[in-house]
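Visitor: Input query-v8.cif, format and content: mmCIF, C-alpha atoms and all ligand atoms.
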```
data_query
#
loop_
_atom_site.label_atom_id
_atom_site.label_comp_id
_atom_site.auth_asym_id
_atom_site.auth_seq_id
_atom_site.Cartn_x
_atom_site.Cartn_y
_atom_site.Cartn_z
CA MET A 20 0.00 0.00 0.00
CA ASN A 21 1.71 3.16 -1.21
CA THR A 22 -1.06 5.54 -2.13
CA LEU A 23 -4.32 6.33 -0.40
CA ASN A 24 -7.35 7.29 -2.45
CA MET A 25 -9.71 9.91 -1.07
CA ARG A 26 -11.96 7.37 0.64
CA GLN A 27 -8.99 5.72 2.36
CA LEU A 28 -7.55 9.06 3.48
CA ARG A 29 -10.94 10.04 4.93
CA ASP A 30 -11.22 6.68 6.70
CA MET A 31 -7.73 7.12 8.14
CA PHE A 32 -8.67 10.49 9.64
CA LEU A 33 -11.95 9.06 10.96
CA PHE A 34 -9.86 6.41 12.73
CA VAL A 35 -7.59 9.16 14.11
CA ALA A 36 -10.66 11.05 15.35
CA ARG A 37 -12.01 7.97 17.15
CA ARG A 38 -8.64 7.37 18.82
CA VAL A 39 -8.31 10.94 20.07
CA ILE A 40 -11.88 10.82 21.44
CA GLU A 41 -11.09 7.52 23.23
CA ARG A 42 -7.99 9.03 24.86
CA GLU A 43 -9.77 12.06 26.35
CA ASP A 44 -9.35 10.96 29.98
CA PHE A 45 -5.68 10.07 29.47
CA LEU A 46 -4.99 13.54 28.00
CA THR A 47 -6.94 15.24 30.79
CA GLU A 48 -4.87 13.41 33.39
CA ILE A 49 -1.62 14.57 31.75
CA ASP A 50 -2.73 18.20 31.36
CA LEU A 51 -3.99 18.30 34.98
CA LYS A 52 -0.47 17.63 36.23
CA LEU A 53 1.12 20.48 34.27
CA GLY A 54 -1.68 22.71 33.03
CA ASP A 55 -5.34 23.37 33.59
CA GLY A 56 -6.66 19.96 32.59
CA ASP A 57 -8.62 21.16 29.56
CA HIS A 58 -6.51 19.54 26.85
CA GLY A 59 -8.40 16.21 26.74
CA PHE A 60 -11.75 17.97 26.57
CA GLY A 61 -10.54 20.35 23.85
CA MET A 62 -9.03 17.59 21.70
CA ALA A 63 -12.10 15.36 22.08
CA LEU A 64 -14.41 18.26 21.25
CA GLY A 65 -12.37 19.08 18.15
CA PHE A 66 -12.15 15.51 16.91
CA LYS A 67 -15.85 14.77 17.60
CA ALA A 68 -16.55 17.65 15.20
CA VAL A 69 -14.00 16.25 12.73
CA LYS A 70 -15.76 12.87 12.89
CA GLU A 71 -19.08 14.55 12.09
CA ALA A 72 -17.55 16.61 9.30
CA LEU A 73 -15.96 13.56 7.62
CA GLU A 74 -18.51 10.79 8.15
CA GLY A 75 -20.28 9.86 4.92
CA LYS A 76 -18.67 12.78 3.06
CA GLU A 77 -16.77 12.64 -0.20
CA PHE A 78 -13.72 14.83 -0.65
CA GLU A 79 -12.29 15.65 -4.07
CA THR A 80 -8.73 16.39 -3.05
CA VAL A 81 -6.23 15.71 -0.29
CA GLU A 82 -6.04 19.44 0.25
CA ASN A 83 -9.84 19.75 0.73
CA LEU A 84 -9.74 17.02 3.35
CA PHE A 85 -6.81 18.52 5.30
CA GLN A 86 -8.52 21.92 5.09
CA GLU A 87 -11.75 20.46 6.50
CA VAL A 88 -9.94 18.74 9.39
CA GLY A 89 -7.89 21.85 10.25
CA MET A 90 -10.74 24.36 9.97
CA THR A 91 -12.99 22.14 12.06
CA LEU A 92 -10.36 21.94 14.82
CA LEU A 93 -9.74 25.68 14.64
CA ASP A 94 -13.46 26.49 14.86
CA THR A 95 -14.42 24.04 17.61
CA MET A 96 -11.40 23.80 19.93
CA GLY A 97 -10.90 27.53 20.32
CA GLY A 98 -8.03 29.14 22.19
CA ALA A 99 -4.34 28.69 21.59
CA SER A 100 -4.42 24.94 21.06
CA GLY A 101 -7.23 25.27 18.47
CA VAL A 102 -4.92 27.50 16.44
CA LEU A 103 -1.96 25.16 16.97
CA PHE A 104 -3.75 21.93 16.03
CA GLY A 105 -5.62 23.71 13.22
CA THR A 106 -2.25 24.81 11.88
CA MET A 107 -1.04 21.19 11.97
CA PHE A 108 -3.53 20.40 9.19
CA ILE A 109 -4.20 23.68 7.36
CA SER A 110 -0.80 25.27 6.91
CA GLY A 111 0.79 22.40 5.01
CA ILE A 112 -1.63 22.59 2.07
CA VAL A 113 -1.59 26.32 1.44
CA GLY A 114 -0.57 27.09 -2.11
CA ILE A 115 0.08 23.52 -3.28
CA GLU A 116 -1.48 21.91 -6.34
CA PRO A 117 -4.49 19.68 -5.67
CA HIS A 118 -3.90 15.93 -5.39
CA GLN A 119 -6.47 13.14 -5.72
CA LYS A 120 -4.27 10.63 -3.91
CA ALA A 121 -1.88 10.77 -0.97
CA ASP A 122 1.48 9.07 -0.90
CA LEU A 123 4.31 9.28 1.63
CA PRO A 124 6.25 12.11 -0.08
CA LEU A 125 3.07 14.22 -0.24
CA LEU A 126 2.28 13.61 3.44
CA ALA A 127 5.89 14.31 4.45
CA GLY A 128 5.81 17.61 2.50
CA ILE A 129 2.45 18.69 3.97
CA TYR A 130 3.50 17.97 7.55
CA ARG A 131 6.93 19.62 7.05
CA ARG A 132 5.24 22.85 5.94
CA SER A 133 2.75 22.62 8.83
CA LEU A 134 5.57 22.12 11.30
CA GLU A 135 7.47 25.16 10.02
CA ALA A 136 4.28 27.27 10.21
CA LEU A 137 3.59 26.02 13.74
CA LYS A 138 7.10 26.90 14.85
CA ARG A 139 6.82 30.38 13.32
CA ARG A 140 3.46 30.95 14.95
CA GLY A 141 4.15 29.53 18.42
CA LYS A 142 7.90 30.29 18.52
CA ALA A 143 8.61 26.94 20.21
CA GLN A 144 11.63 24.83 19.27
CA VAL A 145 12.41 21.20 20.08
CA GLY A 146 13.22 20.98 23.81
CA ASP A 147 10.71 23.64 24.89
CA LYS A 148 8.27 20.95 26.12
CA THR A 149 5.47 21.49 23.59
CA MET A 150 3.78 19.56 20.78
CA VAL A 151 6.75 20.54 18.57
CA ASP A 152 8.82 17.96 20.51
CA ALA A 153 6.70 15.16 19.03
CA PHE A 154 5.78 16.80 15.71
CA GLU A 155 9.31 17.59 14.51
CA PRO A 156 10.63 14.02 15.04
CA ALA A 157 7.50 12.65 13.36
CA VAL A 158 8.17 14.78 10.28
CA ILE A 159 11.83 13.71 10.26
CA GLY A 160 10.66 10.08 10.50
CA LEU A 161 8.43 10.59 7.44
CA GLU A 162 11.29 12.22 5.53
CA GLN A 163 13.67 9.39 6.38
CA ALA A 164 11.09 6.88 5.19
CA VAL A 165 10.78 8.79 1.90
CA ALA A 166 14.56 8.84 1.51
CA ASN A 167 14.67 5.07 2.11
CA SER A 168 11.75 4.44 -0.30
CA GLU A 169 9.73 2.75 2.45
CA ASP A 170 6.09 1.92 1.86
CA LEU A 171 3.36 4.04 3.42
CA PRO A 172 2.57 1.84 6.46
CA LYS A 173 6.28 1.60 7.28
CA GLY A 174 6.71 5.38 6.87
CA LEU A 175 3.81 6.10 9.19
CA ALA A 176 5.16 3.55 11.68
CA MET A 177 8.53 5.34 11.65
CA ALA A 178 6.78 8.68 12.21
CA ALA A 179 4.77 7.29 15.14
CA GLU A 180 7.87 5.78 16.74
CA CYS A 181 9.79 9.06 16.42
CA ALA A 182 6.80 11.02 17.81
CA LYS A 183 6.68 8.68 20.79
CA LYS A 184 10.38 9.17 21.53
CA GLY A 185 9.91 12.95 21.27
CA MET A 186 6.92 12.80 23.59
CA MET A 187 8.88 10.76 26.16
CA HIS A 188 11.75 13.26 25.91
CA THR A 189 9.42 16.10 27.04
CA ARG A 190 9.66 14.51 30.51
CA ASP A 191 13.29 15.64 30.64
CA CYS A 192 12.52 19.22 29.61
CA VAL A 193 11.50 22.39 31.41
CA ALA A 194 8.64 24.26 29.71
CA LYS A 195 9.17 27.62 28.02
CA PHE A 196 5.54 28.13 26.92
CA GLY A 197 1.99 27.87 28.19
CA ARG A 198 0.87 27.19 31.71
CA ALA A 199 3.54 24.54 32.31
CA LYS A 200 6.18 27.30 32.22
CA SER A 201 5.26 28.41 35.76
CA TYR A 202 6.09 24.92 37.07
CA GLY A 203 9.80 25.37 36.34
CA THR A 204 11.85 22.32 37.26
CA LYS A 205 8.79 20.79 38.99
CA ALA A 206 7.73 19.87 35.45
CA LEU A 207 10.64 17.43 35.16
CA GLY A 208 9.40 13.85 34.94
CA LEU A 209 6.04 14.93 33.53
CA GLN A 210 5.22 14.76 29.85
CA ASP A 211 3.62 17.47 27.72
CA ALA A 212 -0.05 17.07 26.83
CA GLY A 213 0.18 18.54 23.32
CA ALA A 214 3.12 16.28 22.44
CA THR A 215 1.06 13.34 23.68
CA SER A 216 -1.79 14.31 21.34
CA VAL A 217 0.59 14.53 18.39
CA TRP A 218 1.85 11.02 19.19
CA ILE A 219 -1.76 9.71 19.45
CA ILE A 220 -2.52 11.20 16.00
CA PHE A 221 0.55 9.67 14.29
CA GLN A 222 0.15 6.34 16.11
CA ALA A 223 -3.47 6.17 14.93
CA MET A 224 -2.46 6.87 11.31
CA SER A 225 0.17 4.14 11.57
CA ASP A 226 -2.18 1.59 13.14
CA TRP A 227 -4.86 2.30 10.52
CA ALA A 228 -2.36 1.83 7.67
CA SER A 229 -0.89 -1.39 9.12
CA GLU A 230 -4.33 -2.89 9.68
CA SER A 231 -5.50 -1.88 6.19
CA LYS A 232 -2.36 -3.38 4.64
CA GLU A 233 -3.04 -6.71 6.35
CA SER A 234 -6.59 -6.84 5.06
CA GLU A 235 -5.59 -6.04 1.46
P1 LIG A 301 -4.08 25.67 27.07
O1 LIG A 301 -2.60 25.86 27.16
O2 LIG A 301 -4.78 26.89 26.56
O3 LIG A 301 -4.66 25.09 28.32
P2 LIG A 301 -4.24 23.05 25.88
O4 LIG A 301 -4.17 22.50 27.26
O5 LIG A 301 -5.33 22.52 24.99
O6 LIG A 301 -4.31 24.61 25.88
O7 LIG A 301 -2.88 22.77 25.10
C1 LIG A 301 -1.67 22.91 25.72
C2 LIG A 301 -0.60 22.42 24.75
O8 LIG A 301 -0.35 23.36 23.74
C3 LIG A 301 0.72 22.22 25.44
O9 LIG A 301 0.76 20.94 26.01
C4 LIG A 301 1.73 22.41 24.32
O10 LIG A 301 2.04 21.17 23.70
C5 LIG A 301 1.01 23.25 23.32
N1 LIG A 301 1.59 24.60 23.27
C6 LIG A 301 1.41 25.60 24.13
N2 LIG A 301 2.10 26.70 23.73
C7 LIG A 301 2.72 26.36 22.57
C8 LIG A 301 3.59 27.04 21.64
N3 LIG A 301 3.95 28.32 21.82
N4 LIG A 301 4.03 26.36 20.56
C9 LIG A 301 3.68 25.07 20.35
N5 LIG A 301 2.86 24.40 21.18
C10 LIG A 301 2.40 25.01 22.27
MG MG A 302 -4.61 23.18 29.07
#
```
Please go through the file and, once you have read it, give me the structure as structure tokens.

Guide:
Amino acid sequence: MNTLNMRQLRDMFLFVARRVIEREDFLTEIDLKLGDGDHGFGMALGFKAVKEALEGKEFETVENLFQEVGMTLLDTMGGASGVLFGTMFISGIVGIEPHQKADLPLLAGIYRRSLEALKRRGKAQVGDKTMVDAFEPAVIGLEQAVANSEDLPKGLAMAAECAKKGMMHTRDCVAKFGRAKSYGTKALGLQDAGATSVWIIFQAMSDWASESKESE
């Protein structure tokens, strides 16, 4: 499996949405330790709306689908994290030609552009204990998979593994942004909620692709 048609891409994001919704309590627990505990609720709210926006709908292009996911998150989640997670899906497709299928190089390119936009907007770098700590390694994982001509399930598995390592590494970092910043070194040992969400998203994409490959 190397390319996803529009139905498959939609189904993959529906699977992602279900996973994020299922992990609401887990995300709440993490954000309670370092923030205000609203991250699980916000993510679940956003992805419940994504599920509704995607279910039974046909999308003509990859870009339309990413736009729908990102705009829905932006509109429903609200606040800073709505902008950040909206950016994760919207900013990568701005100005690119429409595609009717998604392959690994296209996904790697989209997420690279989103990552750069997110870093410009939020000013966070790797090591600042934010979602960037999981997102940047995930993008690098995708790019390595492209360079090694891996198939799509393998590429997404590499991205998920790198995102997980990045998420775990946030435990060793002191926060420079958001509410966690006020915790100073008390934040050591605790992982970042946004990075955890990014890992859940990439892990879900990977699991969907591996399961779909098996049933081919
Ligand atoms: P809030 O901070 O408004 O309570 P959430 O709890 O939903 O919002 O999201 C917090 C997450 O947002 C953090 O865990 C972190 O990953 C991410 N975040 C916060 N500030 C930034 C930033 N400047 N750049 C990137 N990500 C950020
Ligand atoms: Mg919060």

Visitor: How far is it from atom CA of A:Glu116 to atom CA of A:Val81, in Å with one decimal?

Guide: 9.9 Å

Visitor: Give me, as a CSV table (one decimal) with C-alpha atoms, keeping the file's coordinate frame, all polymer residues having an atom no more than 7 Å from A:Thr189, counting only C-alpha atoms and skipping those fewer than 3 positions away in the same chain.

Guide:
```csv
chain,number,residue,atom,x,y,z
A,146,GLY,CA,13.2,21.0,23.8
A,148,LYS,CA,8.3,21.0,26.1
A,152,ASP,CA,8.8,18.0,20.5
A,185,GLY,CA,9.9,13.0,21.3
A,186,MET,CA,6.9,12.8,23.6
A,192,CYS,CA,12.5,19.2,29.6
A,210,GLN,CA,5.2,14.8,29.8
A,211,ASP,CA,3.6,17.5,27.7
```

Visitor: As a CSV table (one decimal) with C-alpha atoms, keeping the file's coordinate frame, please: the residues near stretch 20-24 of chain A (cut-off 12 Å, all atoms listed in the file, same-chain neighbours under 3 positions excluded).

Guide:
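The file below, result.csv, is the result:
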```
chain,number,residue,atom,x,y,z
A,27,GLN,CA,-9.0,5.7,2.4
A,28,LEU,CA,-7.6,9.1,3.5
A,29,ARG,CA,-10.9,10.0,4.9
A,30,ASP,CA,-11.2,6.7,6.7
A,31,MET,CA,-7.7,7.1,8.1
A,32,PHE,CA,-8.7,10.5,9.6
A,77,GLU,CA,-16.8,12.6,-0.2
A,78,PHE,CA,-13.7,14.8,-0.6
A,79,GLU,CA,-12.3,15.6,-4.1
A,80,THR,CA,-8.7,16.4,-3.0
A,81,VAL,CA,-6.2,15.7,-0.3
A,84,LEU,CA,-9.7,17.0,3.4
A,118,HIS,CA,-3.9,15.9,-5.4
A,119,GLN,CA,-6.5,13.1,-5.7
A,120,LYS,CA,-4.3,10.6,-3.9
A,121,ALA,CA,-1.9,10.8,-1.0
A,122,ASP,CA,1.5,9.1,-0.9
A,123,LEU,CA,4.3,9.3,1.6
A,124,PRO,CA,6.2,12.1,-0.1
A,125,LEU,CA,3.1,14.2,-0.2
A,126,LEU,CA,2.3,13.6,3.4
A,164,ALA,CA,11.1,6.9,5.2
A,165,VAL,CA,10.8,8.8,1.9
A,168,SER,CA,11.8,4.4,-0.3
A,169,GLU,CA,9.7,2.8,2.4
A,170,ASP,CA,6.1,1.9,1.9
A,171,LEU,CA,3.4,4.0,3.4
A,172,PRO,CA,2.6,1.8,6.5
A,173,LYS,CA,6.3,1.6,7.3
A,174,GLY,CA,6.7,5.4,6.9
A,175,LEU,CA,3.8,6.1,9.2
A,224,MET,CA,-2.5,6.9,11.3
A,227,TRP,CA,-4.9,2.3,10.5
A,228,ALA,CA,-2.4,1.8,7.7
A,229,SER,CA,-0.9,-1.4,9.1
A,230,GLU,CA,-4.3,-2.9,9.7
A,231,SER,CA,-5.5,-1.9,6.2
A,232,LYS,CA,-2.4,-3.4,4.6
A,233,GLU,CA,-3.0,-6.7,6.4
A,234,SER,CA,-6.6,-6.8,5.1
A,235,GLU,CA,-5.6,-6.0,1.5
```

Visitor: Residues within 7 Å of ligand MG 302 (chain A) should be enumerated using all atoms listed in the file and returned as number ranges by chain.

Guide: A: 50, 54-58

Visitor: Which is closest to A:Gly208 among A:Ile115, A:Val151, A:Val145, A:Met187, if we use only C-alpha atoms?

Guide: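 Among A:Ile115, A:Val151, A:Val145, A:Met187, it is A:Met187 that comes nearest to A:Gly208.
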
Visitor: Using only C-alpha atoms, which residue out of A:Val158, A:Ala182, A:Ala206, A:Met62 lies closest to A:Val35?

Guide: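 Closest candidate: A:Met62.
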
Visitor: A:Lys205: which residues within 12 Å, counting only C-alpha atoms, same-chain residues fewer than 6 positions away excluded, as JSON, numbers by chain?

Guide: {"A": [52, 53, 190, 191, 192, 193, 194, 199]}

Visitor: What separation in Å, quoted to one decimal, exists between atom CA of A:Gly61 and atom CA of A:Ile49?

Guide: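 Taking atom CA of A:Gly61 as the start and atom CA of A:Ile49 as the end point, the length is 13.2 Å.
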
Visitor: Using only C-alpha atoms for the distances, tell me which of A:Gly89, A:Ala223, A:Met25, A:Ala178 is nearest to A:Glu41.

Guide: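 Nearest candidate to A:Glu41 out of A:Gly89, A:Ala223, A:Met25, A:Ala178: A:Ala223.
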
Visitor: Given the choices A:Ala179, A:Leu207, A:Ile219, A:Leu134, which gets closest to ligand LIG 301 (chain A) if the distance is worked out from only C-alpha atoms and all ligand atoms?

Guide: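 With only C-alpha atoms and all ligand atoms as the atom set, the closest residue is A:Leu134.
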
Visitor: If the limit is 6 Å from any atom of ligand LIG 301 (chain A), counting only C-alpha atoms and all ligand atoms, which residues qualify? Return them as a PyMOL selection string.

Guide: chain A and resi 55+57-58+61+98-100+141-143+149-151+196-198+211-214

Visitor: Restricting the calculation to all atoms listed in the file, which member of A:Ser110, A:His188, A:Leu33, A:Lys183 is positioned closest to A:Lys76?

Guide: A:Leu33

Visitor: Report the distance between atom CA of A:Val102 and atom CA of A:Thr47 in Å, rounded to one decimal place.

Guide: 19.0 Å

Visitor: Smallest atom-to-atom distance to A:Ala63: which of A:Ser225, A:Gln86, A:Ser201, A:Ser216, using all atoms listed in the file?

Guide: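 Ranked by minimum distance to A:Ala63, first place goes to A:Ser216.
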
Visitor: List the spatial neighbours of A:Gly111 as a ChimeraX atom specification - criterion: any atom at most 9 Å away, only C-alpha atoms, same-chain residues fewer than 5 positions off excluded.

Guide: /A:82,85,106,128-136

Visitor: Residues as selected, C-alpha atoms, written as a PDB file, in the coordinates of the input, can you do that?

Guide:
```pdb
ATOM      1  CA  GLU A  82      -6.040  19.440   0.250  1.00  0.00           C
ATOM      2  CA  PHE A  85      -6.810  18.520   5.300  1.00  0.00           C
ATOM      3  CA  THR A 106      -2.250  24.810  11.880  1.00  0.00           C
ATOM      4  CA  GLY A 128       5.810  17.610   2.500  1.00  0.00           C
ATOM      5  CA  ILE A 129       2.450  18.690   3.970  1.00  0.00           C
ATOM      6  CA  TYR A 130       3.500  17.970   7.550  1.00  0.00           C
ATOM      7  CA  ARG A 131       6.930  19.620   7.050  1.00  0.00           C
ATOM      8  CA  ARG A 132       5.240  22.850   5.940  1.00  0.00           C
ATOM      9  CA  SER A 133       2.750  22.620   8.830  1.00  0.00           C
ATOM     10  CA  LEU A 134       5.570  22.120  11.300  1.00  0.00           C
ATOM     11  CA  GLU A 135       7.470  25.160  10.020  1.00  0.00           C
ATOM     12  CA  ALA A 136       4.280  27.270  10.210  1.00  0.00           C
TER      13      ALA A 136
END
```
